[in-house]
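Structure file start-v3.cif (mmCIF, C-alpha atoms) follows.
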```
data_query
loop_
_atom_site.label_atom_id
_atom_site.label_comp_id
_atom_site.auth_asym_id
_atom_site.auth_seq_id
_atom_site.Cartn_x
_atom_site.Cartn_y
_atom_site.Cartn_z
CA VAL L 443 -10.00 12.19 1.72
CA ASN L 444 -10.78 15.77 0.79
CA VAL L 445 -8.85 15.61 -2.46
CA VAL L 446 -10.16 14.59 -5.89
CA PRO L 447 -8.79 12.81 -7.79
CA HIS L 448 -6.93 10.85 -5.15
CA GLY L 449 -6.82 7.09 -5.25
CA HIS L 450 -5.80 3.91 -7.01
CA PHE L 451 -6.64 3.41 -10.66
CA PRO L 452 -6.33 0.35 -12.93
CA THR L 453 -4.21 0.23 -16.07
CA LYS L 454 -4.66 -1.86 -19.21
CA ASP L 455 -1.85 -4.25 -18.22
CA GLY L 456 -3.70 -5.32 -15.06
CA ARG L 457 -1.62 -3.20 -12.72
CA TRP L 458 -2.56 -0.11 -10.72
CA ILE L 459 -1.35 3.45 -10.27
CA ALA L 460 -1.73 5.74 -7.28
CA LEU L 461 -2.62 9.25 -8.41
CA ALA L 462 -3.26 12.39 -6.40
CA CYS L 463 -4.08 15.93 -7.45
CA SER L 464 -4.11 17.81 -4.17
CA ASN L 465 -4.84 21.24 -5.61
CA ASP L 466 -6.42 22.91 -8.62
CA LYS L 467 -3.09 23.52 -10.40
CA MET L 468 -2.26 19.82 -10.23
CA PHE L 469 -5.68 18.96 -11.59
CA ALA L 470 -5.18 21.42 -14.45
CA ARG L 471 -1.88 19.70 -15.29
CA PHE L 472 -3.63 16.32 -15.15
CA ALA L 473 -6.46 17.53 -17.41
CA THR L 474 -3.90 18.74 -19.94
CA ALA L 475 -1.93 15.51 -19.64
CA ILE L 476 -4.96 13.39 -20.55
CA GLY L 477 -5.90 15.65 -23.47
CA ARG L 478 -8.89 17.21 -21.72
CA PRO L 479 -7.71 20.71 -20.72
CA GLU L 480 -11.31 21.97 -20.74
CA LEU L 481 -11.92 20.05 -17.50
CA ALA L 482 -9.70 22.48 -15.61
CA THR L 483 -11.77 25.48 -16.65
CA SER L 484 -15.26 23.97 -16.44
CA ALA L 485 -17.52 24.90 -13.54
CA GLU L 486 -18.01 21.18 -12.83
CA TYR L 487 -14.33 20.38 -12.23
CA SER L 488 -12.19 23.55 -11.97
CA THR L 489 -12.17 23.74 -8.17
CA MET L 490 -11.53 21.17 -5.49
CA ALA L 491 -14.97 21.86 -4.00
CA ALA L 492 -16.61 21.15 -7.36
CA ARG L 493 -14.59 17.97 -7.81
CA LEU L 494 -15.45 16.81 -4.30
CA ASP L 495 -19.15 17.12 -5.20
CA ARG L 496 -18.46 14.99 -8.29
CA ARG L 497 -15.96 12.52 -6.86
CA ALA L 498 -17.44 9.51 -8.69
CA GLU L 499 -17.47 11.37 -12.02
CA VAL L 500 -13.86 12.52 -11.62
CA ASN L 501 -12.70 9.07 -10.58
CA GLY L 502 -14.53 7.71 -13.63
CA ILE L 503 -12.68 10.15 -15.89
CA VAL L 504 -9.35 9.10 -14.39
CA THR L 505 -10.24 5.41 -14.69
CA ASP L 506 -11.35 5.81 -18.32
CA TRP L 507 -7.94 7.36 -19.05
CA SER L 508 -5.81 4.98 -16.98
CA GLU L 509 -7.42 1.82 -18.37
CA LYS L 510 -6.25 2.75 -21.87
CA LEU L 511 -2.57 2.85 -20.86
CA THR L 512 -0.02 0.51 -19.37
CA VAL L 513 1.36 1.43 -15.98
CA ASP L 514 4.61 2.64 -17.58
CA GLU L 515 2.72 4.78 -20.11
CA ALA L 516 0.48 6.34 -17.43
CA ILE L 517 3.44 7.13 -15.19
CA ALA L 518 5.39 8.62 -18.12
CA VAL L 519 2.45 10.90 -19.03
CA CYS L 520 2.09 12.02 -15.42
CA GLU L 521 5.82 12.60 -14.95
CA ALA L 522 6.00 14.65 -18.16
CA ASN L 523 3.17 16.84 -16.86
CA GLU L 524 4.24 17.04 -13.20
CA VAL L 525 1.25 15.09 -11.92
CA PRO L 526 1.88 13.03 -8.76
CA CYS L 527 1.58 9.38 -9.78
CA SER L 528 3.24 6.12 -8.85
CA LEU L 529 3.03 2.41 -9.42
CA LEU L 530 0.93 0.73 -6.75
CA TYR L 531 3.38 -1.97 -5.75
CA SER L 532 2.64 -5.65 -5.60
CA ILE L 533 4.75 -7.92 -3.41
CA ALA L 534 6.69 -8.93 -6.54
CA ASP L 535 7.41 -5.25 -7.27
CA ILE L 536 8.73 -4.75 -3.75
CA PHE L 537 11.11 -7.67 -4.08
CA LYS L 538 12.41 -6.34 -7.43
CA ASP L 539 12.83 -2.72 -6.40
CA PRO L 540 16.51 -1.78 -5.93
CA GLN L 541 15.53 0.96 -3.47
CA TYR L 542 14.07 -1.59 -1.05
CA LYS L 543 17.36 -3.50 -1.23
CA ALA L 544 19.49 -0.37 -0.85
CA ARG L 545 17.53 0.73 2.22
CA GLU L 546 17.63 -2.81 3.65
CA ASN L 547 13.84 -2.81 4.06
CA LEU L 548 13.64 -6.58 3.61
CA LEU L 549 15.12 -8.73 6.34
CA HIS L 550 16.27 -12.21 5.32
CA VAL L 551 16.21 -14.64 8.25
CA ASP L 552 16.41 -18.38 8.76
CA ASP L 553 13.47 -19.35 10.94
CA PRO L 554 13.87 -22.71 12.72
CA ARG L 555 10.28 -23.69 11.87
CA ALA L 556 9.78 -22.22 8.40
CA GLY L 557 13.31 -22.07 7.01
CA PRO L 558 14.47 -19.02 5.05
CA VAL L 559 11.91 -16.21 5.12
CA VAL L 560 11.87 -12.54 4.22
CA LEU L 561 10.27 -10.13 6.68
CA PRO L 562 9.79 -6.37 6.72
CA ALA L 563 12.73 -4.72 8.44
CA SER L 564 12.18 -2.28 11.28
CA VAL L 565 11.55 1.31 10.24
CA PRO L 566 12.69 3.80 11.31
CA ARG L 567 16.19 2.84 12.28
CA MET L 568 17.56 4.86 15.17
CA SER L 569 21.32 5.25 15.47
CA GLU L 570 21.37 5.05 19.27
CA THR L 571 18.73 2.33 19.56
CA PRO L 572 19.09 0.12 16.49
CA PRO L 573 16.45 -2.58 16.02
CA GLN L 574 17.32 -6.10 17.07
CA PHE L 575 15.69 -9.10 15.42
CA LYS L 576 14.88 -11.75 18.02
CA HIS L 577 12.52 -14.17 16.27
CA ALA L 578 9.87 -14.38 13.58
CA GLY L 579 7.18 -14.95 16.19
CA PRO L 580 6.22 -17.71 18.59
CA ALA L 581 4.90 -21.05 17.37
CA LEU L 582 1.16 -21.52 17.19
CA GLY L 583 -0.07 -22.35 20.68
CA ALA L 584 3.19 -21.38 22.40
CA ASP L 585 1.34 -19.26 24.96
CA THR L 586 -1.76 -21.40 25.38
CA ASP L 587 -0.85 -22.72 28.84
CA ASP L 588 -0.04 -19.23 30.13
CA VAL L 589 -3.22 -17.69 28.74
CA TYR L 590 -5.54 -20.47 29.90
CA GLY L 591 -3.78 -20.70 33.23
CA SER L 592 -3.54 -17.00 34.08
CA LEU L 593 -6.77 -15.73 32.53
CA LEU L 594 -9.03 -18.73 33.05
CA GLY L 595 -7.38 -20.22 36.11
CA LEU L 596 -7.04 -23.70 34.58
CA ASP L 597 -4.52 -26.05 36.19
CA ARG L 598 -2.33 -28.67 34.48
CA ALA L 599 -4.98 -31.42 34.79
CA ALA L 600 -7.64 -29.23 33.13
CA LEU L 601 -5.25 -28.28 30.32
CA ASP L 602 -4.34 -31.93 29.75
CA ALA L 603 -8.02 -32.85 29.61
CA LEU L 604 -8.71 -30.12 27.03
CA ARG L 605 -5.79 -31.33 24.93
CA LYS L 606 -6.95 -34.95 25.15
CA SER L 607 -10.44 -33.95 24.02
CA GLY L 608 -9.02 -31.97 21.06
CA ALA L 609 -10.39 -28.63 22.28
CA ILE L 610 -6.86 -27.20 22.35
#
```

Let's see the structure in the file written out as structure tokens.
Amino acid sequence: VNVVPHGHFPTKDGRWIALACSNDKMFARFATAIGRPELATSAEYSTMAARLDRRAEVNGIVTDWSEKLTVDEAIAVCEANEVPCSLLYSIADIFKDPQYKARENLLHVDDPRAGPVVLPASVPRMSETPPQFKHAGPALGADTDDVYGSLLGLDRAALDALRKSGAI
């Protein structure tokens, strides 16, 4: 990535933020937001080229800042200063997010083998060719006979012998 800072950074509550400053103006806003406005005017960090040469240092500065705040505090600081920042979602966050529910991004199905499961829904959804859920996937080994038969040329007797030996 030719942008610095751009990445995932830890917070003091054990969560993570995604932060990206894709130009010098955004970095200047970030520097001000973290109480270090001098970074935006220093030769070492004022331009993207300079920051690219010092990626590890810049990421260290961001990490030093982010680790002192909770995720909510870090996001609030960034939002107040127009710095692109977001919570890096965990699976639990996805399940709690009302936007995922509103967009129907989680598909609840009853799988005959596993019972009720939640799967990612198809994206994008096309109006003329809507997605159709058929199954959660074949059972383990469902295609073994076809694969061994068509690719390896094994007949029924050979397959039975492999099964009896425990190889398949």

Just to confirm, what's the straight-line distance from atom CA of L:Lys510 to atom CA of L:Arg457 in Å (one decimal)?
11.9 Å

Please produce, as a Markdown table, a per-residue contact table for stretch 497-552 of chain L versus stretch 575-585 of chain L (criterion: any atom at most 12 Å away, only C-alpha atoms considered), showing the nearest atom pair and its distance in Å to one decimal, sorted by chain then residue number.
```
| residue | atom | partner | partner_atom | distance |
| --- | --- | --- | --- | --- |
| L:Leu549 | CA | L:Phe575 | CA | 9.1 |
| L:His550 | CA | L:Phe575 | CA | 10.6 |
| L:Val551 | CA | L:Ala578 | CA | 8.3 |
| L:Asp552 | CA | L:Ala578 | CA | 9.1 |
```

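Going from atom CA of L:Val445 over to atom CA of L:Leu494, you cover 7.0 Å.
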
The PyMOL selection byres ((chain L and resi 473) around 12) - which residues does that actually catch in the file I just gave you? List them as a PyMOL selection string.
chain L and resi 447+463+466-472+474-484+487-488+500+503-504+507+519-520+523-525

I'd like the contact shell of L:Leu530 - 9 Å cut-off, all atoms listed in the file, skipping same-chain residues fewer than 3 positions apart - returned as a list in words.
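Residues meeting the cut-off are His450, Phe451, Arg457, Trp458, Ile459, Ala460 and Asp535 of chain L.
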
How would you write, as an MDAnalysis selection string, the residues chosen by the PyMOL selection byres ((chain L and resi 516-518) around 8) on this structure?
chainID L and resid 453 459 508 511:515 519:522 527:529

Would you export the selected residues with C-alpha atoms as a PDB file, in the frame of the given file, please?
```pdb
ATOM      1  CA  THR L 453      -4.210   0.230 -16.070  1.00  0.00           C
ATOM      2  CA  ILE L 459      -1.350   3.450 -10.270  1.00  0.00           C
ATOM      3  CA  SER L 508      -5.810   4.980 -16.980  1.00  0.00           C
ATOM      4  CA  LEU L 511      -2.570   2.850 -20.860  1.00  0.00           C
ATOM      5  CA  THR L 512      -0.020   0.510 -19.370  1.00  0.00           C
ATOM      6  CA  VAL L 513       1.360   1.430 -15.980  1.00  0.00           C
ATOM      7  CA  ASP L 514       4.610   2.640 -17.580  1.00  0.00           C
ATOM      8  CA  GLU L 515       2.720   4.780 -20.110  1.00  0.00           C
ATOM      9  CA  VAL L 519       2.450  10.900 -19.030  1.00  0.00           C
ATOM     10  CA  CYS L 520       2.090  12.020 -15.420  1.00  0.00           C
ATOM     11  CA  GLU L 521       5.820  12.600 -14.950  1.00  0.00           C
ATOM     12  CA  ALA L 522       6.000  14.650 -18.160  1.00  0.00           C
ATOM     13  CA  CYS L 527       1.580   9.380  -9.780  1.00  0.00           C
ATOM     14  CA  SER L 528       3.240   6.120  -8.850  1.00  0.00           C
ATOM     15  CA  LEU L 529       3.030   2.410  -9.420  1.00  0.00           C
TER      16      LEU L 529
END
```

Have a look at atom CA of L:Ser464 and atom CA of L:Arg497 and let me know their distance in Å, one decimal.
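About the pair atom CA of L:Ser464 and atom CA of L:Arg497: they are 13.3 Å apart.
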
Using only C-alpha atoms: which of L:Ser564, L:Ser592, L:Asn444, L:Thr586 has the shortest distance to L:Arg496
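Of the candidates, the smallest distance to L:Arg496 is held by L:Asn444.
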
Save stretch 513-528 of chain L from what I just supplied, as an mmCIF file, in the first residue's frame, atoms limited to all heavy atoms.
```cif
data_model
loop_
_atom_site.group_PDB
_atom_site.id
_atom_site.type_symbol
_atom_site.label_atom_id
_atom_site.label_comp_id
_atom_site.auth_asym_id
_atom_site.auth_seq_id
_atom_site.Cartn_x
_atom_site.Cartn_y
_atom_site.Cartn_z
ATOM 1 N N VAL L 513 -11.595 1.801 21.648
ATOM 2 C CA VAL L 513 -12.030 1.897 20.250
ATOM 3 C C VAL L 513 -13.003 3.072 20.076
ATOM 4 O O VAL L 513 -12.870 3.854 19.131
ATOM 5 C CB VAL L 513 -12.641 0.556 19.801
ATOM 6 C CG1 VAL L 513 -14.071 0.638 19.389
ATOM 7 C CG2 VAL L 513 -11.884 -0.032 18.656
ATOM 8 N N ASP L 514 -13.957 3.196 20.989
ATOM 9 C CA ASP L 514 -14.939 4.285 20.875
ATOM 10 C C ASP L 514 -14.274 5.652 20.981
ATOM 11 O O ASP L 514 -14.639 6.584 20.251
ATOM 12 C CB ASP L 514 -16.029 4.136 21.936
ATOM 13 C CG ASP L 514 -16.927 2.927 21.696
ATOM 14 O OD1 ASP L 514 -17.013 2.456 20.539
ATOM 15 O OD2 ASP L 514 -17.543 2.457 22.665
ATOM 16 N N GLU L 515 -13.303 5.785 21.877
ATOM 17 C CA GLU L 515 -12.593 7.059 22.016
ATOM 18 C C GLU L 515 -11.787 7.380 20.760
ATOM 19 O O GLU L 515 -11.814 8.521 20.279
ATOM 20 C CB GLU L 515 -11.669 7.013 23.240
ATOM 21 C CG GLU L 515 -12.397 6.949 24.563
ATOM 22 C CD GLU L 515 -11.500 6.565 25.737
ATOM 23 O OE1 GLU L 515 -10.398 5.997 25.518
ATOM 24 O OE2 GLU L 515 -11.927 6.822 26.883
ATOM 25 N N ALA L 516 -11.085 6.405 20.216
ATOM 26 C CA ALA L 516 -10.276 6.626 19.012
ATOM 27 C C ALA L 516 -11.153 7.030 17.835
ATOM 28 O O ALA L 516 -10.830 7.964 17.096
ATOM 29 C CB ALA L 516 -9.464 5.375 18.678
ATOM 30 N N ILE L 517 -12.274 6.329 17.670
ATOM 31 C CA ILE L 517 -13.178 6.658 16.566
ATOM 32 C C ILE L 517 -13.763 8.058 16.755
ATOM 33 O O ILE L 517 -13.859 8.831 15.790
ATOM 34 C CB ILE L 517 -14.277 5.585 16.421
ATOM 35 C CG1 ILE L 517 -13.649 4.286 15.902
ATOM 36 C CG2 ILE L 517 -15.399 6.051 15.496
ATOM 37 C CD1 ILE L 517 -14.588 3.101 15.904
ATOM 38 N N ALA L 518 -14.124 8.402 17.976
ATOM 39 C CA ALA L 518 -14.686 9.735 18.239
ATOM 40 C C ALA L 518 -13.674 10.827 17.902
ATOM 41 O O ALA L 518 -14.030 11.845 17.288
ATOM 42 C CB ALA L 518 -15.131 9.842 19.694
ATOM 43 N N VAL L 519 -12.408 10.649 18.287
ATOM 44 C CA VAL L 519 -11.364 11.624 17.974
ATOM 45 C C VAL L 519 -11.220 11.757 16.461
ATOM 46 O O VAL L 519 -11.159 12.865 15.921
ATOM 47 C CB VAL L 519 -10.016 11.221 18.618
ATOM 48 C CG1 VAL L 519 -8.867 12.047 18.054
ATOM 49 C CG2 VAL L 519 -10.088 11.353 20.127
ATOM 50 N N CYS L 520 -11.182 10.626 15.773
ATOM 51 C CA CYS L 520 -11.024 10.663 14.315
ATOM 52 C C CYS L 520 -12.232 11.306 13.635
ATOM 53 O O CYS L 520 -12.066 12.132 12.734
ATOM 54 C CB CYS L 520 -10.766 9.255 13.780
ATOM 55 S SG CYS L 520 -9.105 8.652 14.193
ATOM 56 N N GLU L 521 -13.425 10.942 14.060
ATOM 57 C CA GLU L 521 -14.622 11.543 13.462
ATOM 58 C C GLU L 521 -14.644 13.053 13.672
ATOM 59 O O GLU L 521 -14.971 13.805 12.759
ATOM 60 C CB GLU L 521 -15.885 10.909 14.040
ATOM 61 C CG GLU L 521 -16.163 9.540 13.479
ATOM 62 C CD GLU L 521 -17.431 8.900 14.053
ATOM 63 O OE1 GLU L 521 -18.089 9.489 14.942
ATOM 64 O OE2 GLU L 521 -17.747 7.778 13.602
ATOM 65 N N ALA L 522 -14.289 13.513 14.865
ATOM 66 C CA ALA L 522 -14.292 14.941 15.164
ATOM 67 C C ALA L 522 -13.282 15.706 14.312
ATOM 68 O O ALA L 522 -13.434 16.906 14.086
ATOM 69 C CB ALA L 522 -14.005 15.163 16.646
ATOM 70 N N ASN L 523 -12.262 15.001 13.824
ATOM 71 C CA ASN L 523 -11.209 15.644 13.036
ATOM 72 C C ASN L 523 -11.199 15.224 11.570
ATOM 73 O O ASN L 523 -10.236 15.486 10.853
ATOM 74 C CB ASN L 523 -9.854 15.349 13.678
ATOM 75 C CG ASN L 523 -9.698 16.078 14.982
ATOM 76 O OD1 ASN L 523 -9.316 17.243 14.991
ATOM 77 N ND2 ASN L 523 -10.020 15.422 16.091
ATOM 78 N N GLU L 524 -12.268 14.553 11.145
ATOM 79 C CA GLU L 524 -12.427 14.126 9.752
ATOM 80 C C GLU L 524 -11.268 13.255 9.266
ATOM 81 O O GLU L 524 -10.737 13.438 8.176
ATOM 82 C CB GLU L 524 -12.635 15.330 8.835
ATOM 83 C CG GLU L 524 -13.879 16.128 9.170
ATOM 84 C CD GLU L 524 -14.117 17.302 8.240
ATOM 85 O OE1 GLU L 524 -13.248 17.609 7.407
ATOM 86 O OE2 GLU L 524 -15.187 17.918 8.373
ATOM 87 N N VAL L 525 -10.909 12.289 10.115
ATOM 88 C CA VAL L 525 -9.875 11.323 9.773
ATOM 89 C C VAL L 525 -10.567 9.980 9.533
ATOM 90 O O VAL L 525 -11.303 9.505 10.391
ATOM 91 C CB VAL L 525 -8.844 11.183 10.915
ATOM 92 C CG1 VAL L 525 -7.835 10.091 10.604
ATOM 93 C CG2 VAL L 525 -8.155 12.518 11.171
ATOM 94 N N PRO L 526 -10.357 9.352 8.379
ATOM 95 C CA PRO L 526 -11.002 8.074 8.096
ATOM 96 C C PRO L 526 -10.573 6.989 9.091
ATOM 97 O O PRO L 526 -9.391 6.666 9.198
ATOM 98 C CB PRO L 526 -10.532 7.726 6.684
ATOM 99 C CG PRO L 526 -10.053 9.014 6.102
ATOM 100 C CD PRO L 526 -9.551 9.819 7.255
ATOM 101 N N CYS L 527 -11.547 6.459 9.811
ATOM 102 C CA CYS L 527 -11.262 5.473 10.846
ATOM 103 C C CYS L 527 -12.523 4.664 11.095
ATOM 104 O O CYS L 527 -13.637 5.179 11.016
ATOM 105 C CB CYS L 527 -10.854 6.202 12.126
ATOM 106 S SG CYS L 527 -10.498 5.121 13.512
ATOM 107 N N SER L 528 -12.342 3.395 11.389
ATOM 108 C CA SER L 528 -13.486 2.532 11.648
ATOM 109 C C SER L 528 -13.078 1.418 12.589
ATOM 110 O O SER L 528 -11.904 1.060 12.678
ATOM 111 C CB SER L 528 -13.990 1.930 10.336
ATOM 112 O OG SER L 528 -15.024 1.003 10.571
#
```
